[in-house]
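Engineer: Contents are compact mmCIF, C-alpha atoms; file name target_27.txt:
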```
# COMPACT_ATOMS: atom_id res chain seq x y z
CA MET A 30 -65.76 -13.59 -28.48
CA ASP A 31 -64.80 -15.46 -31.61
CA ILE A 32 -62.49 -18.20 -30.41
CA SER A 33 -60.79 -18.26 -33.81
CA GLU A 34 -59.26 -14.86 -33.02
CA THR A 35 -55.56 -14.97 -32.27
CA PRO A 36 -54.11 -12.97 -29.36
CA GLN A 37 -52.65 -10.48 -31.87
CA LYS A 38 -56.02 -9.99 -33.51
CA MET A 39 -57.74 -9.58 -30.14
CA ALA A 40 -55.27 -6.92 -29.18
CA SER A 41 -55.85 -4.58 -32.05
CA VAL A 42 -58.31 -1.81 -31.32
CA ILE A 43 -55.84 0.96 -30.42
CA SER A 44 -52.28 1.29 -31.57
CA LYS A 45 -49.64 2.99 -29.47
CA GLU A 46 -49.58 5.83 -31.99
CA GLU A 47 -53.36 6.31 -31.83
CA LEU A 48 -53.30 6.43 -28.03
CA LEU A 49 -50.63 9.16 -28.09
CA LEU A 50 -52.65 11.21 -30.60
CA HIS A 51 -55.73 10.72 -28.42
CA TRP A 52 -53.89 12.06 -25.37
CA GLN A 53 -52.25 14.96 -27.20
CA GLY A 54 -55.69 15.86 -28.61
CA HIS A 55 -57.03 16.02 -25.06
CA ARG A 56 -54.01 18.06 -23.98
CA GLY A 57 -54.80 20.57 -26.72
CA LEU A 58 -58.32 20.96 -25.34
CA THR A 59 -57.01 21.33 -21.78
CA ARG A 60 -54.71 24.08 -23.04
CA ARG A 61 -57.74 25.94 -24.45
CA VAL A 62 -59.52 25.59 -21.09
CA ILE A 63 -56.48 27.13 -19.31
CA GLU A 64 -56.55 29.97 -21.84
CA ALA A 65 -60.27 30.57 -21.24
CA PHE A 66 -59.71 31.41 -17.55
CA PRO A 67 -59.14 35.01 -16.49
CA GLU A 68 -55.64 35.35 -14.97
CA LYS A 69 -56.86 35.93 -11.42
CA GLU A 70 -59.59 33.27 -11.35
CA PHE A 71 -57.27 30.63 -12.78
CA PHE A 72 -55.32 30.87 -9.52
CA ASN A 73 -58.02 31.58 -6.95
CA HIS A 74 -61.48 30.49 -8.11
CA SER A 75 -62.90 27.26 -6.76
CA ILE A 76 -66.18 25.65 -5.69
CA GLY A 77 -67.05 23.64 -2.59
CA GLY A 78 -63.53 23.72 -1.13
CA MET A 79 -62.00 22.08 -4.19
CA ARG A 80 -58.61 22.95 -5.63
CA THR A 81 -58.28 25.84 -8.08
CA PHE A 82 -57.94 25.02 -11.78
CA ALA A 83 -54.29 26.12 -11.54
CA ALA A 84 -53.72 23.45 -8.86
CA LEU A 85 -55.47 20.80 -10.98
CA VAL A 86 -53.26 21.73 -13.95
CA GLU A 87 -50.16 21.49 -11.74
CA GLU A 88 -51.26 17.95 -10.90
CA MET A 89 -51.60 17.11 -14.62
CA LEU A 90 -48.11 18.50 -15.27
CA ALA A 91 -46.68 16.61 -12.28
CA ILE A 92 -48.14 13.37 -13.66
CA ALA A 93 -47.54 13.43 -17.43
CA VAL A 94 -43.80 13.81 -18.06
CA PRO A 95 -42.60 12.51 -14.65
CA GLY A 96 -44.98 9.52 -14.97
CA LEU A 97 -43.74 8.63 -18.45
CA ARG A 98 -40.12 9.14 -17.42
CA GLN A 99 -40.55 6.52 -14.68
CA ILE A 100 -42.14 4.15 -17.18
CA VAL A 101 -39.27 4.66 -19.63
CA ASP A 102 -36.30 4.37 -17.28
CA GLY A 103 -37.72 2.45 -14.32
CA SER A 104 -36.74 5.24 -11.92
CA THR A 105 -38.80 6.26 -8.89
CA GLU A 106 -39.79 9.88 -8.48
CA THR A 107 -41.95 11.23 -5.70
CA PHE A 108 -45.06 13.05 -6.83
CA GLN A 109 -44.08 16.72 -6.80
CA GLU A 110 -46.03 19.74 -7.97
CA GLN A 111 -44.14 22.88 -8.85
CA GLN A 112 -44.37 25.79 -6.41
CA ASP A 113 -43.96 29.25 -7.91
CA GLU A 114 -45.00 32.31 -5.96
CA ASN A 115 -44.85 34.43 -9.09
CA ASN A 116 -46.76 32.03 -11.26
CA SER A 117 -48.83 33.22 -14.24
CA LYS A 118 -51.04 31.65 -16.87
CA ALA A 119 -48.33 32.44 -19.44
CA LYS A 120 -45.75 30.49 -17.41
CA VAL A 121 -48.11 27.54 -16.99
CA LEU A 122 -48.93 27.53 -20.72
CA ALA A 123 -45.20 27.62 -21.54
CA ARG A 124 -44.63 24.60 -19.28
CA TRP A 125 -47.66 22.89 -20.86
CA ASP A 126 -46.17 23.44 -24.33
CA ALA A 127 -42.72 22.28 -23.21
CA ALA A 128 -44.28 19.03 -21.95
CA THR A 129 -45.85 18.28 -25.36
CA PRO A 130 -42.68 17.23 -27.24
CA GLU A 131 -41.28 15.62 -24.06
CA ILE A 132 -44.35 13.36 -23.96
CA ASP A 133 -43.86 12.50 -27.65
CA SER A 134 -40.19 11.73 -27.07
CA LEU A 135 -40.75 9.57 -23.96
CA TRP A 136 -43.66 7.78 -25.66
CA ALA A 137 -41.39 6.79 -28.55
CA GLN A 138 -39.09 5.10 -26.01
CA ILE A 139 -41.82 2.71 -24.74
CA PRO A 140 -41.88 -0.43 -26.88
CA THR A 141 -45.42 -1.60 -27.69
CA GLU A 142 -44.92 -4.89 -25.85
CA ARG A 143 -44.21 -3.05 -22.59
CA PHE A 144 -47.82 -1.74 -22.34
CA SER A 145 -48.89 -4.98 -20.62
CA GLU A 146 -45.96 -4.89 -18.16
CA THR A 147 -46.72 -4.29 -14.46
CA ILE A 148 -45.04 -1.18 -13.09
CA LEU A 149 -45.08 1.08 -10.03
CA THR A 150 -45.30 4.85 -10.60
CA PHE A 151 -44.45 7.50 -8.03
CA GLY A 152 -43.31 4.72 -5.72
CA GLN A 153 -46.88 3.67 -4.92
CA TYR A 154 -49.29 3.23 -7.85
CA GLU A 155 -49.19 -0.28 -9.26
CA GLY A 156 -50.66 -1.05 -12.66
CA THR A 157 -49.70 -1.96 -16.17
CA VAL A 158 -48.09 0.64 -18.42
CA LEU A 159 -51.45 0.76 -20.24
CA SER A 160 -53.61 1.22 -17.15
CA SER A 161 -51.19 3.86 -15.84
CA VAL A 162 -51.30 5.87 -19.06
CA LEU A 163 -55.10 5.56 -19.29
CA TYR A 164 -55.25 6.84 -15.71
CA PHE A 165 -53.11 9.86 -16.64
CA ILE A 166 -55.50 10.67 -19.52
CA ASP A 167 -58.73 9.98 -17.60
CA ASN A 168 -57.53 12.08 -14.67
CA GLU A 169 -56.96 15.00 -17.05
CA ILE A 170 -60.45 14.64 -18.61
CA HIS A 171 -61.99 14.39 -15.12
CA HIS A 172 -60.32 17.52 -13.74
CA ARG A 173 -60.78 19.47 -16.97
CA GLY A 174 -64.53 18.73 -16.71
CA GLN A 175 -64.35 20.41 -13.31
CA GLY A 176 -62.68 23.41 -14.95
CA TYR A 177 -65.71 23.66 -17.24
CA VAL A 178 -67.95 24.11 -14.18
CA TYR A 179 -65.59 26.76 -12.77
CA LEU A 180 -65.74 28.63 -16.10
CA ARG A 181 -69.55 28.38 -16.29
CA SER A 182 -69.85 29.61 -12.70
CA LEU A 183 -67.79 32.64 -13.80
CA GLY A 184 -70.16 33.23 -16.74
CA ILE A 185 -67.52 32.11 -19.27
CA GLU A 186 -68.34 29.73 -22.11
CA PRO A 187 -65.79 26.88 -22.21
CA PRO A 188 -64.37 25.49 -25.49
CA TYR A 189 -66.41 22.78 -27.20
CA PHE A 190 -65.64 19.38 -25.68
CA TRP A 191 -65.33 17.78 -29.11
CA GLN A 192 -62.72 20.34 -30.22
CA ARG A 193 -59.27 18.70 -30.20
CA MET B 3 -41.17 4.12 -34.14
CA ASP B 4 -39.26 0.95 -34.79
CA ILE B 5 -39.77 0.27 -38.50
CA SER B 6 -39.33 -3.43 -37.89
CA GLU B 7 -42.70 -3.49 -36.12
CA THR B 8 -45.45 -5.12 -38.08
CA PRO B 9 -48.89 -3.50 -38.27
CA GLN B 10 -50.24 -6.14 -35.86
CA LYS B 11 -47.51 -5.41 -33.38
CA MET B 12 -48.06 -1.65 -33.69
CA ALA B 13 -51.73 -2.11 -32.98
CA SER B 14 -51.43 -3.90 -29.73
CA VAL B 15 -51.76 -1.66 -26.70
CA ILE B 16 -55.47 -2.19 -25.94
CA SER B 17 -57.56 -5.19 -26.80
CA LYS B 18 -61.26 -4.95 -27.45
CA GLU B 19 -61.88 -6.82 -24.19
CA GLU B 20 -59.68 -4.43 -22.18
CA LEU B 21 -61.47 -1.40 -23.64
CA LEU B 22 -64.86 -2.83 -22.60
CA LEU B 23 -63.59 -3.52 -19.06
CA HIS B 24 -62.20 0.02 -18.95
CA TRP B 25 -65.60 1.48 -19.92
CA GLN B 26 -67.59 -0.74 -17.56
CA GLY B 27 -65.19 0.20 -14.76
CA HIS B 28 -65.95 3.86 -15.46
CA ARG B 29 -69.67 3.08 -15.58
CA GLY B 30 -69.42 1.52 -12.13
CA LEU B 31 -67.89 4.74 -10.80
CA THR B 32 -70.57 6.86 -12.48
CA ARG B 33 -73.19 4.67 -10.80
CA ARG B 34 -71.61 5.45 -7.41
CA VAL B 35 -71.70 9.18 -8.22
CA ILE B 36 -75.44 8.91 -9.03
CA GLU B 37 -75.96 7.12 -5.72
CA ALA B 38 -74.07 9.84 -3.83
CA PHE B 39 -76.59 12.54 -4.85
CA PRO B 40 -79.57 13.28 -2.63
CA GLU B 41 -82.80 12.46 -4.52
CA LYS B 42 -83.90 16.08 -4.92
CA GLU B 43 -80.52 17.56 -5.86
CA PHE B 44 -79.89 14.87 -8.45
CA PHE B 45 -82.79 16.35 -10.41
CA ASN B 46 -82.53 20.06 -9.65
CA HIS B 47 -79.05 21.11 -8.54
CA SER B 48 -76.79 22.79 -11.05
CA ILE B 49 -74.11 25.48 -11.29
CA GLY B 50 -73.71 28.36 -13.75
CA GLY B 51 -76.78 27.47 -15.83
CA MET B 52 -75.47 23.99 -16.62
CA ARG B 53 -77.62 20.87 -16.85
CA THR B 54 -78.47 18.91 -13.71
CA PHE B 55 -76.56 15.68 -13.06
CA ALA B 56 -79.78 13.78 -13.90
CA ALA B 57 -79.77 15.44 -17.35
CA LEU B 58 -76.09 14.58 -17.87
CA VAL B 59 -76.79 10.96 -16.94
CA GLU B 60 -79.73 10.87 -19.39
CA GLU B 61 -77.26 11.97 -22.06
CA MET B 62 -74.88 9.11 -21.11
CA LEU B 63 -77.78 6.62 -21.30
CA ALA B 64 -78.94 8.05 -24.63
CA ILE B 65 -75.43 7.58 -26.04
CA ALA B 66 -74.20 4.20 -24.77
CA VAL B 67 -76.65 1.51 -25.87
CA PRO B 68 -78.20 3.44 -28.81
CA GLY B 69 -74.71 4.39 -30.03
CA LEU B 70 -73.45 0.81 -29.91
CA ARG B 71 -76.66 -0.47 -31.51
CA GLN B 72 -76.03 1.80 -34.51
CA ILE B 73 -72.45 0.57 -34.72
CA VAL B 74 -73.60 -3.06 -34.62
CA ASP B 75 -76.46 -2.95 -37.12
CA GLY B 76 -75.69 0.16 -39.18
CA SER B 77 -79.06 1.68 -38.34
CA THR B 78 -79.62 5.40 -37.80
CA GLU B 79 -81.29 6.58 -34.62
CA THR B 80 -81.86 10.17 -33.69
CA PHE B 81 -80.35 11.22 -30.40
CA GLN B 82 -83.19 10.93 -27.89
CA GLU B 83 -83.14 11.35 -24.13
CA GLN B 84 -85.91 9.74 -22.09
CA GLN B 85 -88.53 12.04 -20.58
CA ASP B 86 -90.20 10.82 -17.40
CA GLU B 87 -92.19 13.22 -15.25
CA ASN B 88 -92.15 10.74 -12.36
CA ASN B 89 -88.48 9.97 -12.60
CA SER B 90 -86.46 8.89 -9.56
CA LYS B 91 -82.88 7.96 -8.78
CA ALA B 92 -84.02 4.36 -8.35
CA LYS B 93 -85.51 4.33 -11.86
CA VAL B 94 -82.36 5.85 -13.34
CA LEU B 95 -80.14 3.34 -11.51
CA ALA B 96 -82.35 0.50 -12.78
CA ARG B 97 -81.94 1.77 -16.36
CA TRP B 98 -78.19 2.17 -15.75
CA ASP B 99 -77.98 -1.46 -14.60
CA ALA B 100 -80.10 -2.67 -17.51
CA ALA B 101 -77.70 -0.98 -19.92
CA THR B 102 -74.69 -2.83 -18.48
CA PRO B 103 -75.35 -6.30 -20.00
CA GLU B 104 -76.76 -4.67 -23.16
CA ILE B 105 -73.41 -2.93 -23.65
CA ASP B 106 -71.59 -6.25 -23.10
CA SER B 107 -73.86 -7.99 -25.59
CA LEU B 108 -73.59 -5.33 -28.31
CA TRP B 109 -69.82 -5.09 -27.77
CA ALA B 110 -69.48 -8.81 -28.42
CA GLN B 111 -71.14 -8.25 -31.81
CA ILE B 112 -68.47 -5.78 -33.02
CA PRO B 113 -65.62 -7.68 -34.68
CA THR B 114 -62.19 -6.32 -33.72
CA GLU B 115 -61.37 -5.37 -37.30
CA ARG B 116 -64.39 -3.03 -37.43
CA PHE B 117 -62.84 -0.62 -34.88
CA SER B 118 -60.98 1.17 -37.68
CA GLU B 119 -64.09 1.42 -39.89
CA THR B 120 -65.58 4.87 -40.54
CA ILE B 121 -69.16 5.21 -39.33
CA LEU B 122 -71.83 7.84 -38.71
CA THR B 123 -73.65 7.79 -35.36
CA PHE B 124 -76.93 9.53 -34.63
CA GLY B 125 -77.07 10.52 -38.29
CA GLN B 126 -74.42 13.19 -37.86
CA TYR B 127 -71.23 12.23 -35.97
CA GLU B 128 -68.59 10.80 -38.28
CA GLY B 129 -65.64 8.88 -36.90
CA THR B 130 -64.20 5.42 -36.67
CA VAL B 131 -65.83 2.85 -34.41
CA LEU B 132 -62.83 3.37 -32.10
CA SER B 133 -63.02 7.17 -31.99
CA SER B 134 -66.80 6.98 -31.46
CA VAL B 135 -66.47 4.60 -28.52
CA LEU B 136 -63.62 6.64 -26.99
CA TYR B 137 -65.87 9.69 -27.31
CA PHE B 138 -68.68 7.89 -25.47
CA ILE B 139 -66.28 7.03 -22.62
CA ASP B 140 -64.56 10.44 -22.50
CA ASN B 141 -67.90 12.23 -22.51
CA GLU B 142 -68.95 10.18 -19.48
CA ILE B 143 -65.70 10.98 -17.59
CA HIS B 144 -66.06 14.67 -18.48
CA HIS B 145 -69.65 15.01 -17.26
CA ARG B 146 -69.06 12.81 -14.20
CA GLY B 147 -66.22 15.18 -13.23
CA GLN B 148 -68.84 17.93 -13.31
CA GLY B 149 -71.01 15.81 -11.01
CA TYR B 150 -68.09 15.79 -8.55
CA VAL B 151 -68.21 19.61 -8.41
CA TYR B 152 -71.99 19.53 -7.87
CA LEU B 153 -71.52 17.07 -4.99
CA ARG B 154 -68.72 19.15 -3.42
CA SER B 155 -70.86 22.29 -3.72
CA LEU B 156 -73.53 20.40 -1.74
CA GLY B 157 -70.98 19.49 0.92
CA ILE B 158 -70.97 15.82 -0.13
CA GLU B 159 -67.74 13.87 -0.57
CA PRO B 160 -67.73 12.08 -3.95
CA PRO B 161 -66.41 8.51 -4.40
CA TYR B 162 -62.69 8.16 -5.01
CA PHE B 163 -61.87 8.70 -8.68
CA TRP B 164 -59.60 5.65 -8.76
CA GLN B 165 -62.38 3.39 -7.40
CA ARG B 166 -63.72 1.26 -10.28
```
What is this structure when it is put down as structure tokens?

Structural biologist:
Amino acid sequence: MDISETPQKMASVISKEELLLHWQGHRGLTRRVIEAFPEKEFFNHSIGGMRTFAALVEEMLAIAVPGLRQIVDGSTETFQEQQDENNSKAKVLARWDAATPEIDSLWAQIPTERFSETILTFGQYEGTVLSSVLYFIDNEIHHRGQGYVYLRSLGIEPPYFWQR
Amino acid sequence: MDISETPQKMASVISKEELLLHWQGHRGLTRRVIEAFPEKEFFNHSIGGMRTFAALVEEMLAIAVPGLRQIVDGSTETFQEQQDENNSKAKVLARWDAATPEIDSLWAQIPTERFSETILTFGQYEGTVLSSVLYFIDNEIHHRGQGYVYLRSLGIEPPYFWQR
């Protein structure tokens, strides 16, 4: 590391705006993976005793907006996935799309300097705002990768990974 | 966005050093996933016609150091995965561990201001240094998530995702 670098200069590889675009790009790909599933298999196909892709998507939805809301207003919410006995891919996609502008709006309420602040999300996960948000994104990539295997095992070609 | 923010202040959610730690943390988890596979299944288990986890790990190895090397010195390398007819998990883990300090060393040679520079890796992938590196990391998370499904389908419990 060049010791002549100032803290500001060190801290300059991703802006807050770039990180949001990165996440929303990933969310667009996850949406295409949801769309690629047949209605029935979205809710009941799994491998090795794992959760269905519908359950993994519920986890993503239960993390994104509620997680950001806690970061923005310092509230504590318990981790809660929606239960809907008459669920459908269309309903999940509608909730996915409703979360998109909510994420944008909450993101705009987090000042850049807060990304290094230590916080607790869902009453139990301690980290900085940055490490929490990176965890939200990485968790989505991780579980979406599992959805790719589910699709392949059903003989369905998933969307290109690089497509955002 | 607060218009009073300066460009430096806008660009301050992840430092170069934090991004490296983030990647190396992920690489540590990927190493544990490699270790969790039985020797034979690492090289021949797959689902739905996908690549084996060994092949996915070869891709990660063919991307990380060669990708960074091209970023550092502006060279062009073709994308090339190692072929070894007498390969073993131990050999792959040794190459994984050898890549770790190489990544650190190459990373140190990328000045912070270059992360916004447009580059071409492997003669064909255009992006900024930042988007290229994020792609390397995301690709690893994506394929490692697939390794989790392979492990579960073999009745093996994978390492905790949050363990870095």

Engineer: What does chain B look like after a least-squares fit onto chain A on every Cα paired in order, written as a CSV table (one decimal) with C-alpha atoms, keeping the file's coordinate frame?

Structural biologist:
```csv
chain,number,residue,atom,x,y,z
B,3,MET,CA,-65.6,-13.6,-28.4
B,4,ASP,CA,-64.7,-15.5,-31.6
B,5,ILE,CA,-62.3,-18.2,-30.4
B,6,SER,CA,-60.7,-18.3,-33.8
B,7,GLU,CA,-59.2,-14.9,-33.1
B,8,THR,CA,-55.5,-14.9,-32.4
B,9,PRO,CA,-54.0,-12.9,-29.5
B,10,GLN,CA,-52.6,-10.4,-32.0
B,11,LYS,CA,-56.0,-9.9,-33.6
B,12,MET,CA,-57.7,-9.6,-30.2
B,13,ALA,CA,-55.3,-6.9,-29.2
B,14,SER,CA,-55.9,-4.6,-32.1
B,15,VAL,CA,-58.3,-1.8,-31.3
B,16,ILE,CA,-55.9,1.0,-30.4
B,17,SER,CA,-52.3,1.3,-31.5
B,18,LYS,CA,-49.7,3.0,-29.5
B,19,GLU,CA,-49.6,5.8,-32.0
B,20,GLU,CA,-53.4,6.3,-31.8
B,21,LEU,CA,-53.3,6.4,-28.0
B,22,LEU,CA,-50.6,9.2,-28.1
B,23,LEU,CA,-52.7,11.2,-30.6
B,24,HIS,CA,-55.7,10.7,-28.4
B,25,TRP,CA,-53.9,12.0,-25.3
B,26,GLN,CA,-52.3,15.0,-27.2
B,27,GLY,CA,-55.7,15.9,-28.6
B,28,HIS,CA,-57.0,16.0,-25.0
B,29,ARG,CA,-54.0,18.1,-24.0
B,30,GLY,CA,-54.8,20.6,-26.7
B,31,LEU,CA,-58.3,21.0,-25.3
B,32,THR,CA,-57.0,21.3,-21.8
B,33,ARG,CA,-54.7,24.1,-23.0
B,34,ARG,CA,-57.7,25.9,-24.4
B,35,VAL,CA,-59.5,25.6,-21.1
B,36,ILE,CA,-56.5,27.1,-19.3
B,37,GLU,CA,-56.5,30.0,-21.8
B,38,ALA,CA,-60.3,30.6,-21.2
B,39,PHE,CA,-59.7,31.4,-17.6
B,40,PRO,CA,-59.1,35.0,-16.5
B,41,GLU,CA,-55.6,35.4,-15.0
B,42,LYS,CA,-56.8,35.9,-11.4
B,43,GLU,CA,-59.6,33.3,-11.4
B,44,PHE,CA,-57.3,30.6,-12.8
B,45,PHE,CA,-55.3,30.9,-9.5
B,46,ASN,CA,-58.0,31.6,-7.0
B,47,HIS,CA,-61.5,30.5,-8.1
B,48,SER,CA,-62.9,27.3,-6.8
B,49,ILE,CA,-66.2,25.7,-5.7
B,50,GLY,CA,-67.0,23.7,-2.6
B,51,GLY,CA,-63.5,23.8,-1.1
B,52,MET,CA,-62.0,22.1,-4.2
B,53,ARG,CA,-58.6,23.0,-5.6
B,54,THR,CA,-58.3,25.9,-8.1
B,55,PHE,CA,-57.9,25.0,-11.8
B,56,ALA,CA,-54.3,26.1,-11.6
B,57,ALA,CA,-53.7,23.5,-8.9
B,58,LEU,CA,-55.5,20.8,-11.0
B,59,VAL,CA,-53.3,21.7,-13.9
B,60,GLU,CA,-50.1,21.5,-11.7
B,61,GLU,CA,-51.3,18.0,-10.9
B,62,MET,CA,-51.6,17.1,-14.6
B,63,LEU,CA,-48.1,18.5,-15.3
B,64,ALA,CA,-46.7,16.6,-12.3
B,65,ILE,CA,-48.1,13.4,-13.7
B,66,ALA,CA,-47.5,13.4,-17.4
B,67,VAL,CA,-43.8,13.8,-18.1
B,68,PRO,CA,-42.6,12.5,-14.7
B,69,GLY,CA,-45.0,9.5,-15.0
B,70,LEU,CA,-43.8,8.6,-18.4
B,71,ARG,CA,-40.1,9.1,-17.4
B,72,GLN,CA,-40.6,6.5,-14.7
B,73,ILE,CA,-42.2,4.1,-17.2
B,74,VAL,CA,-39.3,4.6,-19.6
B,75,ASP,CA,-36.3,4.3,-17.3
B,76,GLY,CA,-37.7,2.4,-14.3
B,77,SER,CA,-36.7,5.2,-11.9
B,78,THR,CA,-38.8,6.2,-8.9
B,79,GLU,CA,-39.8,9.9,-8.5
B,80,THR,CA,-41.9,11.2,-5.7
B,81,PHE,CA,-45.0,13.0,-6.8
B,82,GLN,CA,-44.1,16.7,-6.8
B,83,GLU,CA,-46.0,19.7,-8.0
B,84,GLN,CA,-44.1,22.9,-8.8
B,85,GLN,CA,-44.4,25.8,-6.4
B,86,ASP,CA,-43.9,29.3,-7.9
B,87,GLU,CA,-45.0,32.3,-6.0
B,88,ASN,CA,-44.8,34.5,-9.1
B,89,ASN,CA,-46.7,32.0,-11.3
B,90,SER,CA,-48.8,33.2,-14.2
B,91,LYS,CA,-51.0,31.7,-16.9
B,92,ALA,CA,-48.3,32.4,-19.4
B,93,LYS,CA,-45.7,30.5,-17.4
B,94,VAL,CA,-48.1,27.5,-17.0
B,95,LEU,CA,-48.9,27.5,-20.7
B,96,ALA,CA,-45.2,27.6,-21.5
B,97,ARG,CA,-44.6,24.6,-19.3
B,98,TRP,CA,-47.7,22.9,-20.9
B,99,ASP,CA,-46.2,23.4,-24.3
B,100,ALA,CA,-42.7,22.3,-23.2
B,101,ALA,CA,-44.3,19.0,-22.0
B,102,THR,CA,-45.9,18.3,-25.4
B,103,PRO,CA,-42.7,17.2,-27.2
B,104,GLU,CA,-41.3,15.6,-24.1
B,105,ILE,CA,-44.4,13.4,-24.0
B,106,ASP,CA,-43.9,12.5,-27.6
B,107,SER,CA,-40.2,11.7,-27.1
B,108,LEU,CA,-40.8,9.6,-24.0
B,109,TRP,CA,-43.7,7.8,-25.6
B,110,ALA,CA,-41.4,6.8,-28.5
B,111,GLN,CA,-39.1,5.1,-26.0
B,112,ILE,CA,-41.8,2.7,-24.7
B,113,PRO,CA,-41.9,-0.4,-26.9
B,114,THR,CA,-45.4,-1.6,-27.7
B,115,GLU,CA,-45.0,-4.9,-25.8
B,116,ARG,CA,-44.3,-3.1,-22.6
B,117,PHE,CA,-47.9,-1.8,-22.3
B,118,SER,CA,-48.9,-5.0,-20.6
B,119,GLU,CA,-46.0,-4.9,-18.2
B,120,THR,CA,-46.7,-4.3,-14.5
B,121,ILE,CA,-45.1,-1.2,-13.1
B,122,LEU,CA,-45.1,1.1,-10.0
B,123,THR,CA,-45.3,4.8,-10.6
B,124,PHE,CA,-44.5,7.5,-8.0
B,125,GLY,CA,-43.3,4.7,-5.7
B,126,GLN,CA,-46.9,3.7,-4.9
B,127,TYR,CA,-49.3,3.2,-7.8
B,128,GLU,CA,-49.2,-0.3,-9.3
B,129,GLY,CA,-50.7,-1.1,-12.7
B,130,THR,CA,-49.7,-2.0,-16.2
B,131,VAL,CA,-48.1,0.6,-18.4
B,132,LEU,CA,-51.5,0.8,-20.2
B,133,SER,CA,-53.6,1.2,-17.1
B,134,SER,CA,-51.2,3.9,-15.8
B,135,VAL,CA,-51.3,5.9,-19.0
B,136,LEU,CA,-55.1,5.6,-19.3
B,137,TYR,CA,-55.3,6.8,-15.7
B,138,PHE,CA,-53.1,9.9,-16.6
B,139,ILE,CA,-55.5,10.7,-19.5
B,140,ASP,CA,-58.7,10.0,-17.6
B,141,ASN,CA,-57.5,12.1,-14.7
B,142,GLU,CA,-57.0,15.0,-17.0
B,143,ILE,CA,-60.5,14.6,-18.6
B,144,HIS,CA,-62.0,14.4,-15.1
B,145,HIS,CA,-60.3,17.5,-13.7
B,146,ARG,CA,-60.8,19.5,-17.0
B,147,GLY,CA,-64.5,18.7,-16.7
B,148,GLN,CA,-64.4,20.4,-13.3
B,149,GLY,CA,-62.7,23.4,-15.0
B,150,TYR,CA,-65.7,23.7,-17.2
B,151,VAL,CA,-67.9,24.1,-14.2
B,152,TYR,CA,-65.6,26.8,-12.8
B,153,LEU,CA,-65.7,28.6,-16.1
B,154,ARG,CA,-69.5,28.4,-16.3
B,155,SER,CA,-69.8,29.6,-12.7
B,156,LEU,CA,-67.8,32.7,-13.8
B,157,GLY,CA,-70.2,33.2,-16.7
B,158,ILE,CA,-67.5,32.1,-19.3
B,159,GLU,CA,-68.4,29.7,-22.1
B,160,PRO,CA,-65.8,26.9,-22.2
B,161,PRO,CA,-64.4,25.5,-25.5
B,162,TYR,CA,-66.4,22.8,-27.2
B,163,PHE,CA,-65.7,19.4,-25.6
B,164,TRP,CA,-65.3,17.8,-29.1
B,165,GLN,CA,-62.7,20.3,-30.2
B,166,ARG,CA,-59.3,18.7,-30.2
```

Engineer: Which one of A:Leu122, A:Ile185, A:Ala93, A:Leu58 sits closest to Trp136 (chain A) if you count only C-alpha atoms?

Structural biologist: A:Ala93

Engineer: Residues within 10 Å of Thr150 (chain A), please, as a CSV table (one decimal) with C-alpha atoms, in the frame of the given file. Count all atoms listed in the file; anything in the same chain fewer than 4 positions from it doesn't count.

Structural biologist:
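Result went into result_6.csv, see below:
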```
chain,number,residue,atom,x,y,z
A,92,ILE,CA,-48.1,13.4,-13.7
A,95,PRO,CA,-42.6,12.5,-14.6
A,96,GLY,CA,-45.0,9.5,-15.0
A,97,LEU,CA,-43.7,8.6,-18.4
A,98,ARG,CA,-40.1,9.1,-17.4
A,99,GLN,CA,-40.6,6.5,-14.7
A,100,ILE,CA,-42.1,4.2,-17.2
A,103,GLY,CA,-37.7,2.4,-14.3
A,104,SER,CA,-36.7,5.2,-11.9
A,105,THR,CA,-38.8,6.3,-8.9
A,106,GLU,CA,-39.8,9.9,-8.5
A,107,THR,CA,-42.0,11.2,-5.7
A,108,PHE,CA,-45.1,13.0,-6.8
A,154,TYR,CA,-49.3,3.2,-7.8
A,155,GLU,CA,-49.2,-0.3,-9.3
A,156,GLY,CA,-50.7,-1.0,-12.7
A,157,THR,CA,-49.7,-2.0,-16.2
A,158,VAL,CA,-48.1,0.6,-18.4
A,161,SER,CA,-51.2,3.9,-15.8
```

Engineer: Find the nearest atom pair between each residue of chain A and chain B for residues within 6 Å, count only C-alpha atoms, give distances in Å to one decimal, sort rows by chain and ascending number, and present the table as JSON lines.

Structural biologist:
```
{"residue": "A:Met39", "atom": "CA", "partner": "B:Ser17", "partner_atom": "CA", "distance": 5.5}
{"residue": "A:Ala40", "atom": "CA", "partner": "B:Ser17", "partner_atom": "CA", "distance": 3.7}
{"residue": "A:Ser41", "atom": "CA", "partner": "B:Ala13", "partner_atom": "CA", "distance": 4.9}
{"residue": "A:Val42", "atom": "CA", "partner": "B:Ser17", "partner_atom": "CA", "distance": 5.7}
{"residue": "A:Ile43", "atom": "CA", "partner": "B:Ile16", "partner_atom": "CA", "distance": 5.5}
{"residue": "A:Ser44", "atom": "CA", "partner": "B:Ala13", "partner_atom": "CA", "distance": 3.7}
{"residue": "A:Lys45", "atom": "CA", "partner": "B:Val15", "partner_atom": "CA", "distance": 5.8}
{"residue": "A:Gly77", "atom": "CA", "partner": "B:Ser155", "partner_atom": "CA", "distance": 4.2}
{"residue": "A:Phe144", "atom": "CA", "partner": "B:Val15", "partner_atom": "CA", "distance": 5.9}
{"residue": "A:Ile170", "atom": "CA", "partner": "B:His144", "partner_atom": "CA", "distance": 5.6}
{"residue": "A:His171", "atom": "CA", "partner": "B:Gly147", "partner_atom": "CA", "distance": 4.7}
{"residue": "A:Gly174", "atom": "CA", "partner": "B:His144", "partner_atom": "CA", "distance": 4.7}
{"residue": "A:Gln175", "atom": "CA", "partner": "B:Gln148", "partner_atom": "CA", "distance": 5.1}
{"residue": "A:Arg181", "atom": "CA", "partner": "B:Gly50", "partner_atom": "CA", "distance": 4.9}
{"residue": "A:Ser182", "atom": "CA", "partner": "B:Gly50", "partner_atom": "CA", "distance": 4.2}
```
